[in-house]
file upload.cif (mmCIF, C-alpha atoms)
data_model
loop_
_atom_site.label_atom_id
_atom_site.label_comp_id
_atom_site.auth_asym_id
_atom_site.auth_seq_id
_atom_site.Cartn_x
_atom_site.Cartn_y
_atom_site.Cartn_z
CA MET T 1 51.63 103.35 100.43
CA THR T 2 54.72 104.89 102.02
CA GLU T 3 57.90 104.03 100.16
CA SER T 4 60.55 102.18 102.14
CA TYR T 5 64.27 102.72 101.48
CA VAL T 6 66.98 100.68 103.18
CA ILE T 7 70.69 101.58 103.09
CA ILE T 8 73.34 99.10 104.18
CA GLY T 9 76.41 101.07 105.22
CA ASP T 10 76.83 104.40 107.01
CA GLY T 11 80.01 105.66 105.40
CA ILE T 12 79.92 108.86 103.38
CA ALA T 13 78.15 107.08 100.47
CA GLY T 14 75.37 105.64 102.63
CA SER T 15 74.94 108.80 104.69
CA SER T 16 74.79 111.03 101.60
CA ALA T 17 72.17 108.73 100.12
CA ALA T 18 70.11 108.91 103.31
CA GLU T 19 70.26 112.70 103.36
CA THR T 20 69.23 112.91 99.70
CA LEU T 21 66.42 110.41 100.18
CA ARG T 22 64.99 112.42 103.04
CA GLU T 23 65.14 115.60 100.94
CA GLU T 24 63.52 113.98 97.89
CA ALA T 25 61.02 111.79 99.74
CA PRO T 26 60.03 113.61 102.96
CA ASP T 27 57.40 111.05 103.96
CA ALA T 28 59.28 107.87 103.09
CA GLU T 29 60.70 105.37 105.55
CA VAL T 30 64.51 105.54 105.50
CA THR T 31 66.59 102.99 107.39
CA VAL T 32 70.41 102.98 107.64
CA ILE T 33 72.12 99.81 108.82
CA THR T 34 75.78 99.65 109.82
CA ASP T 35 77.90 97.05 111.55
CA GLU T 36 80.02 99.80 113.14
CA GLY T 37 79.29 101.04 116.62
CA GLU T 38 79.40 104.73 115.81
CA ALA T 39 77.71 106.97 113.26
CA LEU T 40 79.39 108.64 110.31
CA TYR T 41 82.85 110.07 110.91
CA ASN T 42 85.42 111.67 108.67
CA ARG T 43 87.71 108.97 107.29
CA ILE T 44 89.98 111.68 105.92
CA LEU T 45 90.64 113.14 109.37
CA ILE T 46 91.29 109.87 111.21
CA LYS T 47 94.89 110.04 109.99
CA GLU T 48 95.28 113.42 111.71
CA PHE T 49 93.91 111.87 114.89
CA ALA T 50 96.40 109.00 114.61
CA LYS T 51 99.21 111.51 114.09
CA GLY T 52 98.26 113.12 117.40
CA LYS T 53 97.18 116.34 115.69
CA LEU T 54 93.45 116.18 116.50
CA PRO T 55 91.25 115.02 119.37
CA GLU T 56 88.34 112.73 118.65
CA ALA T 57 85.61 115.38 118.63
CA PRO T 58 86.16 117.04 115.20
CA ILE T 59 86.29 113.68 113.43
CA SER T 60 82.67 112.76 114.07
CA ILE T 61 80.36 114.16 111.38
CA HIS T 62 76.96 112.88 112.49
CA ASP T 63 75.88 111.84 115.92
CA GLU T 64 72.76 109.77 116.46
CA SER T 65 70.64 112.90 116.94
CA TRP T 66 71.32 113.89 113.31
CA TYR T 67 69.39 110.83 112.19
CA ASP T 68 66.65 111.34 114.76
CA GLU T 69 66.10 114.91 113.60
CA ARG T 70 65.58 113.68 110.03
CA ASP T 71 63.44 110.73 111.03
CA ILE T 72 66.05 108.28 109.71
CA ASP T 73 66.15 104.95 111.49
CA LEU T 74 69.83 104.27 112.27
CA ARG T 75 70.74 100.72 113.26
CA LEU T 76 74.27 100.52 114.75
CA ASN T 77 76.11 97.24 115.40
CA THR T 78 73.78 95.46 113.00
CA HIS T 79 74.86 92.88 110.45
CA VAL T 80 72.85 91.97 107.37
CA LYS T 81 72.77 88.21 106.85
CA ASN T 82 70.70 87.91 103.73
CA ILE T 83 69.09 89.84 100.89
CA ASP T 84 66.03 88.44 99.13
CA PRO T 85 65.53 90.49 95.94
CA ASP T 86 62.34 88.65 94.98
CA ALA T 87 60.65 89.35 98.30
CA HIS T 88 62.34 92.77 98.60
CA GLU T 89 63.51 91.91 102.10
CA ILE T 90 66.70 91.79 104.12
CA THR T 91 67.42 89.77 107.24
CA THR T 92 69.70 90.95 110.06
CA HIS T 93 71.87 88.90 112.40
CA GLU T 94 69.09 89.17 114.99
CA GLU T 95 66.72 87.48 112.52
CA GLU T 96 64.78 90.68 112.01
CA THR T 97 63.25 91.04 108.54
CA LEU T 98 63.00 94.47 106.93
CA ALA T 99 61.10 95.11 103.73
CA TYR T 100 62.31 97.61 101.14
CA ASP T 101 61.08 99.17 97.94
CA LYS T 102 64.60 100.24 97.00
CA LEU T 103 67.86 99.04 98.54
CA LEU T 104 71.30 100.65 98.51
CA VAL T 105 74.42 98.58 99.23
CA ALA T 106 77.20 100.88 100.45
CA THR T 107 79.20 98.47 102.59
CA GLY T 108 82.66 99.49 101.40
CA GLY T 109 85.54 97.13 102.00
CA THR T 110 87.75 95.47 104.57
CA PRO T 111 91.54 95.88 104.45
CA THR T 112 93.34 93.00 102.79
CA GLN T 113 95.53 90.92 105.08
CA LEU T 114 98.98 89.96 103.89
CA PRO T 115 99.03 86.27 102.94
CA VAL T 116 102.12 85.53 105.04
CA ASP T 117 102.88 83.83 108.33
CA ASN T 118 101.91 85.74 111.48
CA SER T 119 100.06 88.45 109.55
CA ASP T 120 97.37 88.43 112.25
CA ALA T 121 99.83 88.96 115.11
CA GLU T 122 99.20 91.49 117.83
CA GLY T 123 100.67 94.85 116.90
CA ILE T 124 99.96 94.54 113.17
CA HIS T 125 97.47 97.21 112.17
CA HIS T 126 95.32 97.98 109.17
CA PHE T 127 94.13 101.52 108.68
CA TRP T 128 90.50 101.92 107.71
CA THR T 129 88.16 102.63 110.62
CA PHE T 130 88.20 105.09 113.50
CA GLN T 131 88.90 102.16 115.81
CA ASP T 132 91.93 101.27 113.67
CA ALA T 133 93.18 104.82 114.11
CA ARG T 134 92.83 104.60 117.87
CA ARG T 135 94.88 101.40 117.99
CA ILE T 136 97.58 102.82 115.71
CA ARG T 137 97.84 105.95 117.83
CA GLU T 138 98.30 103.82 120.93
CA SER T 139 101.06 101.80 119.25
CA ALA T 140 102.76 104.92 117.93
CA ASP T 141 102.67 106.50 121.39
CA ALA T 142 104.19 103.40 122.98
CA GLY T 143 106.61 102.13 120.32
CA GLU T 144 109.86 103.46 118.91
CA SER T 145 110.09 101.54 115.64
CA ALA T 146 107.68 100.34 112.96
CA VAL T 147 107.43 98.66 109.59
CA ILE T 148 105.03 99.97 106.94
CA VAL T 149 103.81 97.81 104.05
CA GLY T 150 101.80 99.04 101.07
CA ALA T 151 103.21 101.61 98.65
CA GLY T 152 99.99 103.50 98.00
CA LEU T 153 97.83 106.34 99.27
CA LEU T 154 96.92 104.64 102.55
CA GLY T 155 100.41 103.36 103.16
CA ILE T 156 101.86 106.85 103.05
CA ASP T 157 99.35 107.88 105.72
CA LEU T 158 100.86 105.24 107.98
CA ALA T 159 104.33 106.53 107.16
CA ALA T 160 103.27 110.07 108.02
CA ILE T 161 101.81 108.91 111.33
CA CYS T 162 105.21 107.45 112.18
CA GLY T 163 106.91 110.70 111.23
CA ALA T 164 104.55 112.82 113.29
CA GLN T 165 104.85 110.55 116.33
CA GLY T 166 108.65 110.29 116.20
CA VAL T 167 108.59 106.60 115.29
CA SER T 168 111.55 105.35 113.26
CA ALA T 169 110.10 103.32 110.39
CA LYS T 170 111.10 101.20 107.43
CA TYR T 171 108.68 101.48 104.51
CA LEU T 172 108.89 98.20 102.60
CA MET T 173 107.94 98.52 98.91
CA ARG T 174 107.82 95.76 96.33
CA GLY T 175 108.88 98.00 93.44
CA ASN T 176 111.40 100.75 92.86
CA ALA T 177 109.13 103.67 93.81
CA TRP T 178 106.19 104.69 95.94
CA TRP T 179 102.87 104.45 94.01
CA ARG T 180 104.81 103.36 90.97
CA TYR T 181 101.72 102.91 88.80
CA ALA T 182 100.99 106.64 88.95
CA LEU T 183 104.43 108.22 89.46
CA SER T 184 107.70 107.95 87.61
CA GLU T 185 110.86 107.49 89.66
CA GLU T 186 111.59 111.21 89.35
CA GLY T 187 108.24 112.21 90.81
CA ALA T 188 108.29 109.49 93.44
CA GLU T 189 111.74 110.57 94.65
CA ILE T 190 110.22 113.83 95.87
CA MET T 191 107.96 111.78 98.12
CA HIS T 192 110.82 109.50 99.17
CA GLU T 193 112.86 112.49 100.34
CA ALA T 194 109.90 113.84 102.28
CA MET T 195 109.57 110.49 104.04
CA ARG T 196 113.26 110.40 104.90
CA ASP T 197 113.02 113.91 106.34
CA VAL T 198 110.54 112.66 108.96
CA GLY T 199 112.45 109.50 109.82
CA VAL T 200 110.78 107.01 107.47
CA GLU T 201 113.18 105.10 105.21
CA PRO T 202 111.84 103.65 101.95
CA VAL T 203 113.17 100.16 101.23
CA PHE T 204 112.74 99.25 97.56
CA ASP T 205 112.35 95.83 95.89
CA SER T 206 111.29 94.51 99.26
CA GLY T 207 108.01 93.48 100.88
CA VAL T 208 107.21 90.91 103.55
CA ASP T 209 107.94 87.19 103.45
CA HIS T 210 106.80 86.70 107.05
CA PHE T 211 106.47 88.46 110.38
CA GLU T 212 108.27 87.35 113.51
CA VAL T 213 106.56 87.30 116.91
CA ASP T 214 107.49 86.81 120.55
CA ASP T 215 106.14 84.17 122.92
CA ASP T 216 103.05 86.33 123.57
CA GLY T 217 102.20 86.55 119.87
CA HIS T 218 103.26 90.20 119.49
CA ILE T 219 105.16 91.27 116.41
CA THR T 220 108.89 91.77 116.83
CA GLY T 221 110.01 92.12 113.23
CA ALA T 222 109.47 91.58 109.52
CA VAL T 223 111.57 89.53 107.11
CA ASP T 224 111.42 90.47 103.44
CA PRO T 225 111.71 88.07 100.46
CA ASN T 226 115.43 88.90 100.23
CA GLY T 227 115.98 87.57 103.74
CA ASP T 228 116.57 91.00 105.26
CA HIS T 229 115.25 91.45 108.79
CA TYR T 230 113.66 94.61 110.21
CA ASP T 231 112.98 94.89 113.94
CA CYS T 232 109.82 96.74 114.91
CA ASP T 233 107.47 97.39 117.81
CA TRP T 234 104.45 97.44 115.49
CA ALA T 235 103.55 97.32 111.82
CA GLY T 236 101.05 99.01 109.51
CA VAL T 237 99.71 97.18 106.47
CA ALA T 238 97.78 98.88 103.64
CA ILE T 239 97.72 96.68 100.53
CA GLY T 240 94.15 97.19 99.36
CA LEU T 241 90.55 96.31 100.12
CA ASN T 242 88.40 93.23 99.93
CA PHE T 243 84.94 94.50 99.08
CA ASN T 244 82.18 93.63 101.53
CA THR T 245 79.87 91.89 99.11
CA GLU T 246 79.16 88.69 101.05
CA ILE T 247 75.57 89.78 101.63
CA LEU T 248 74.98 89.66 97.86
CA GLN T 249 75.74 85.96 97.65
CA GLY T 250 72.77 84.09 96.29
CA THR T 251 71.49 87.13 94.38
CA ASP T 252 71.88 87.90 90.69
CA VAL T 253 73.70 91.17 91.34
CA LYS T 254 76.58 91.23 88.87
CA GLN T 255 80.07 91.56 90.31
CA ASP T 256 83.43 92.12 88.68
CA ASP T 257 85.99 93.01 91.35
CA GLY T 258 83.18 95.00 92.95
CA VAL T 259 79.49 95.56 92.37
CA VAL T 260 78.82 96.52 88.75
CA VAL T 261 76.52 99.53 88.42
CA ASP T 262 75.56 101.82 85.57
CA GLN T 263 75.94 105.60 85.57
CA TYR T 264 72.76 105.84 87.67
CA MET T 265 74.21 103.59 90.41
CA GLN T 266 71.68 100.86 89.53
CA SER T 267 72.93 97.29 89.79
CA SER T 268 71.97 94.44 87.48
CA VAL T 269 69.01 93.62 89.76
CA ASP T 270 65.97 95.87 89.81
CA ASP T 271 65.62 98.11 92.88
CA ILE T 272 69.14 97.33 94.19
CA TYR T 273 71.66 100.15 93.94
CA ALA T 274 75.27 100.43 95.10
CA ALA T 275 77.58 103.33 95.91
CA GLY T 276 81.06 103.98 97.26
CA ASP T 277 84.30 102.01 97.29
CA LEU T 278 82.78 98.70 96.29
CA THR T 279 81.29 99.91 92.99
CA ARG T 280 82.59 99.22 89.53
CA PHE T 281 80.68 102.00 87.84
CA TYR T 282 80.18 103.09 84.26
CA ASP T 283 82.35 106.18 83.91
CA THR T 284 80.74 108.42 81.29
CA LEU T 285 83.97 110.41 80.96
CA LEU T 286 86.02 107.34 80.09
CA GLY T 287 83.28 105.50 78.24
CA GLU T 288 84.10 102.35 80.20
CA TYR T 289 83.77 100.82 83.66
CA ALA T 290 86.09 102.12 86.36
CA GLN T 291 86.63 102.26 90.13
CA ASN T 292 87.49 105.07 92.48
CA GLY T 293 87.67 105.05 96.26
CA SER T 294 87.94 108.76 97.03
CA TRP T 295 85.77 110.43 99.66
CA GLY T 296 84.31 112.92 97.18
CA SER T 297 83.47 110.22 94.68
CA ALA T 298 81.70 108.10 97.31
CA ARG T 299 79.74 111.09 98.56
CA GLU T 300 78.58 111.99 95.05
CA GLN T 301 77.70 108.40 94.21
CA GLY T 302 75.58 108.17 97.36
CA SER T 303 73.75 111.36 96.51
CA ILE T 304 73.14 110.25 92.91
CA ALA T 305 71.92 106.84 94.08
CA GLY T 306 69.55 108.38 96.61
CA TYR T 307 68.05 110.73 94.02
CA ASN T 308 67.57 107.99 91.44
CA MET T 309 66.06 105.61 94.00
CA VAL T 310 63.22 108.12 94.25
CA HIS T 311 63.00 109.49 90.72
CA GLY T 312 64.37 106.73 88.48
CA GLU T 313 67.19 107.14 85.97
CA GLU T 314 67.43 110.92 85.97
CA LYS T 315 70.88 111.84 87.27
CA GLU T 316 74.16 110.42 85.97
CA PHE T 317 77.31 110.03 88.01
CA ARG T 318 79.82 112.17 86.14
CA TRP T 319 82.70 113.06 88.38
CA VAL T 320 86.38 113.96 88.36
CA SER T 321 87.67 112.71 91.69
CA SER T 322 90.69 113.99 93.56
CA TYR T 323 92.76 112.85 96.51
CA SER T 324 95.14 115.12 98.42
CA ILE T 325 97.97 114.54 100.87
CA THR T 326 99.03 117.26 103.29
CA HIS T 327 101.55 115.38 105.38
CA PHE T 328 104.66 117.20 104.24
CA ASP T 329 105.89 120.75 103.62
CA PHE T 330 104.41 120.67 100.13
CA PRO T 331 100.97 119.55 98.88
CA PHE T 332 100.22 116.48 96.79
CA LEU T 333 97.10 115.87 94.71
CA SER T 334 95.98 113.15 92.34
CA PHE T 335 92.88 113.48 90.18
CA GLY T 336 90.86 111.29 87.86
CA HIS T 337 92.43 107.95 87.00
CA PRO T 338 96.20 108.57 87.04
CA THR T 339 97.12 104.89 86.79
CA ILE T 340 95.47 104.32 83.43
CA GLY T 341 96.12 105.75 79.99
CA ASP T 342 98.07 105.03 76.86
CA GLU T 343 100.49 107.97 77.11
CA GLU T 344 101.78 110.39 79.72
CA ALA T 345 103.52 113.75 79.97
CA GLU T 346 105.47 114.99 82.98
CA ARG T 347 107.80 117.75 84.12
CA LYS T 348 109.81 118.56 87.21
CA TYR T 349 109.87 122.25 88.16
CA SER T 350 111.88 122.16 91.39
CA ASP T 351 112.94 119.78 94.15
CA THR T 352 109.36 119.76 95.44
CA GLU T 353 107.32 120.57 92.30
CA TRP T 354 106.35 118.01 89.67
CA ARG T 355 103.42 117.32 87.37
CA ARG T 356 102.30 114.26 85.46
CA ILE T 357 99.28 114.00 83.15
CA ALA T 358 97.79 110.74 81.89
CA PHE T 359 96.01 110.61 78.52
CA LYS T 360 93.80 108.00 76.89
CA ASP T 361 92.72 108.35 73.27
CA GLY T 362 94.22 111.82 73.41
CA LYS T 363 92.05 112.96 76.35
CA VAL T 364 93.11 113.81 79.89
CA VAL T 365 92.03 110.95 82.18
CA GLY T 366 94.01 111.76 85.32
CA GLY T 367 97.19 113.11 86.77
CA VAL T 368 99.36 113.90 89.77
CA LEU T 369 100.45 117.33 90.99
CA ILE T 370 103.20 117.75 93.58
CA GLY T 371 104.11 121.07 95.17
CA ASP T 372 102.00 123.33 92.97
CA LEU T 373 98.31 122.48 92.63
CA SER T 374 97.33 125.52 90.58
CA ALA T 375 96.87 123.47 87.38
CA GLN T 376 94.19 121.20 88.82
CA SER T 377 91.17 123.30 87.80
CA ALA T 378 92.25 123.55 84.17
CA LEU T 379 93.14 119.86 83.91
CA LYS T 380 89.89 118.74 85.54
CA LYS T 381 87.97 121.01 83.16
CA LEU T 382 89.65 119.40 80.17
CA MET T 383 88.82 115.97 81.53
CA ARG T 384 85.16 116.88 82.03
CA GLU T 385 84.97 118.35 78.53
CA GLU T 386 86.66 115.28 77.02
CA ARG T 387 88.86 117.41 74.79
CA VAL T 388 91.61 115.79 72.71
CA VAL T 389 94.74 117.57 73.89
CA ALA T 390 97.53 115.00 74.19
CA ASP T 391 99.26 116.47 71.15
CA GLN T 392 99.47 119.78 73.02
CA ALA T 393 101.04 118.38 76.18
CA GLU T 394 103.68 121.13 76.24
CA VAL T 395 100.98 123.72 76.87
CA LEU T 396 99.62 121.61 79.73
CA LEU T 397 103.07 121.35 81.29
CA GLU T 398 103.56 125.10 81.45
CA LYS T 399 103.82 126.32 85.04
CA GLN T 400 100.59 128.29 84.58
CA ILE T 401 98.14 126.70 82.16
CA ASP T 402 96.22 129.04 79.89
CA LEU T 403 93.49 127.06 78.16
CA ASP T 404 93.20 129.84 75.58
CA ASP T 405 96.57 128.70 74.28
CA LEU T 406 95.10 125.36 73.26
CA ALA T 407 94.05 125.02 69.65
CA ALA T 408 90.30 125.48 69.33
CA THR T 409 90.16 122.75 66.70
CA GLN T 410 90.87 120.20 69.43
CA GLU T 411 87.48 120.75 71.06
CA GLN T 412 85.07 117.84 70.68
#
call {"tool": "encode", "arguments": {"input": "upload.cif", "output": "structure tokens"}}
result
Amino acid sequence: MTESYVIIGDGIAGSSAAETLREEAPDAEVTVITDEGEALYNRILIKEFAKGKLPEAPISIHDESWYDERDIDLRLNTHVKNIDPDAHEITTHEEETLAYDKLLVATGGTPTQLPVDNSDAEGIHHFWTFQDARRIRESADAGESAVIVGAGLLGIDLAAICGAQGVSAKYLMRGNAWWRYALSEEGAEIMHEAMRDVGVEPVFDSGVDHFEVDDDGHITGAVDPNGDHYDCDWAGVAIGLNFNTEILQGTDVKQDDGVVVDQYMQSSVDDIYAAGDLTRFYDTLLGEYAQNGSWGSAREQGSIAGYNMVHGEEKEFRWVSSYSITHFDFPFLSFGHPTIGDEEAERKYSDTEWRRIAFKDGKVVGGVLIGDLSAQSALKKLMREERVVADQAEVLLEKQIDLDDLAATQEQ
């Protein structure tokens, strides 16, 4: 009988899985279901669209003909109501039942809403989908002032959109630095200065107590827990994701702040796999479970899942992720898991050059590079090789890293 594979989600994880499935199983039935109204697009580039730097066309990756050419059944605007692992069936919102031999859940997440008054007011935007980007661009074109909330990698995208569109913004942060779990104050200050240069002012030890609205329900300002008031024409909120796992309710798929999968992307239930943002995967480099929401990581997870859905437990997910920011006059890159570790080493080289390396059990597990990215290849190599090098941090903080300078006895 012809094998049947169903993928829920058409982000980069789901699409990569579909492509791999078609390559590995040319005669199989492959169905991709998404609740969005458009096929795969580049989530990395939607920020450039919102900044007014790109038209819509380059952002789309696959149109519907891409699926047709590969005999992949794409179902847009379709919601999955129920999964029945025993019957190997799913049910859509239109009460259609689809059978599967193997199922991939790649539904990603939904931006978390601030738990404060008026957080659903008109003019308050989250930044996740292409449609979000369109709305933000409209607000940035029309408004002169904004408030940004969320001191992380998505929040700084919103700040950069304001800078590019000439919108004066206050960036409200709960702590004393942007992305304070990965950067020291010294490293973060480089980013703060870059924000100020484009008209975005970081406000530390702040946040949002509530939003204020006019009689039409449109945001007019934000009040922080200190009682300080910030007028704005619109606001951008990026404080994390709630994973879209509702469809797994009633199944025995194990969850722990995401769907738990092994290194093969297999969940705790036979024939159900997961990939992308919502996974809590076994990281063979760390030797423990971890999460990572980068584009490259999701793409690789989807490909690994697709291969293993056909061939069984043959390929492991073993990946050093990276995330780059190109909003300012200097580059920024994080890799691995920069927010974990039991020790760190860092150095500032100039007003726009800084490096921080995180170690766990003596091994490189992540880091952040600002201004000069030339060290990334060497540091990623050390992470992949799981070498114990924390005691040689000075070598790794040299402007140009020469791995030959590391003691050979540290290899594992």
call {"tool": "closest_residue", "arguments": {"input": "upload.cif", "among": "T:Asn42, T:Ile272, T:Glu29, T:Gln400", "to": "T:Met309", "atoms": "all atoms listed in the file"}}
result
T:Ile272
call {"tool": "closest_residue", "arguments": {"input": "upload.cif", "among": "T:Ser267, T:Phe328, T:Glu212, T:Glu94", "to": "T:Ala159", "atoms": "all atoms listed in the file"}}
result
T:Phe328
call {"tool": "closest_residue", "arguments": {"input": "upload.cif", "among": "T:Glu36, T:Glu314, T:Asp101, T:Glu343", "to": "T:Thr129", "atoms": "all atoms listed in the file"}}
result
T:Glu36
call {"tool": "residues_near_point", "arguments": {"input": "upload.cif", "point": "(70.7, 112.2, 85.0)", "cutoff": "9 Å", "atoms": "all atoms listed in the file", "output": "PyMOL selection string"}}
result
chain T and resi 263-264+304+308+313-317
call {"tool": "write_last_selection", "arguments": {"input": "upload.cif", "atoms": "C-alpha atoms", "output": "mmCIF file, in the frame of the given file"}}
result
data_model
loop_
_atom_site.group_PDB
_atom_site.id
_atom_site.type_symbol
_atom_site.label_atom_id
_atom_site.label_comp_id
_atom_site.auth_asym_id
_atom_site.auth_seq_id
_atom_site.Cartn_x
_atom_site.Cartn_y
_atom_site.Cartn_z
ATOM 1 C CA GLN T 263 75.940 105.600 85.570
ATOM 2 C CA TYR T 264 72.760 105.840 87.670
ATOM 3 C CA ILE T 304 73.140 110.250 92.910
ATOM 4 C CA ASN T 308 67.570 107.990 91.440
ATOM 5 C CA GLU T 313 67.190 107.140 85.970
ATOM 6 C CA GLU T 314 67.430 110.920 85.970
ATOM 7 C CA LYS T 315 70.880 111.840 87.270
ATOM 8 C CA GLU T 316 74.160 110.420 85.970
ATOM 9 C CA PHE T 317 77.310 110.030 88.010
#
call {"tool": "residues_near_point", "arguments": {"input": "upload.cif", "point": "(74.9, 98.5, 91.1)", "cutoff": "9 Å", "atoms": "all atoms listed in the file", "output": "ChimeraX atom specification"}}
result
/T:104-105,253-255,259-262,264-269,272-275,279-281
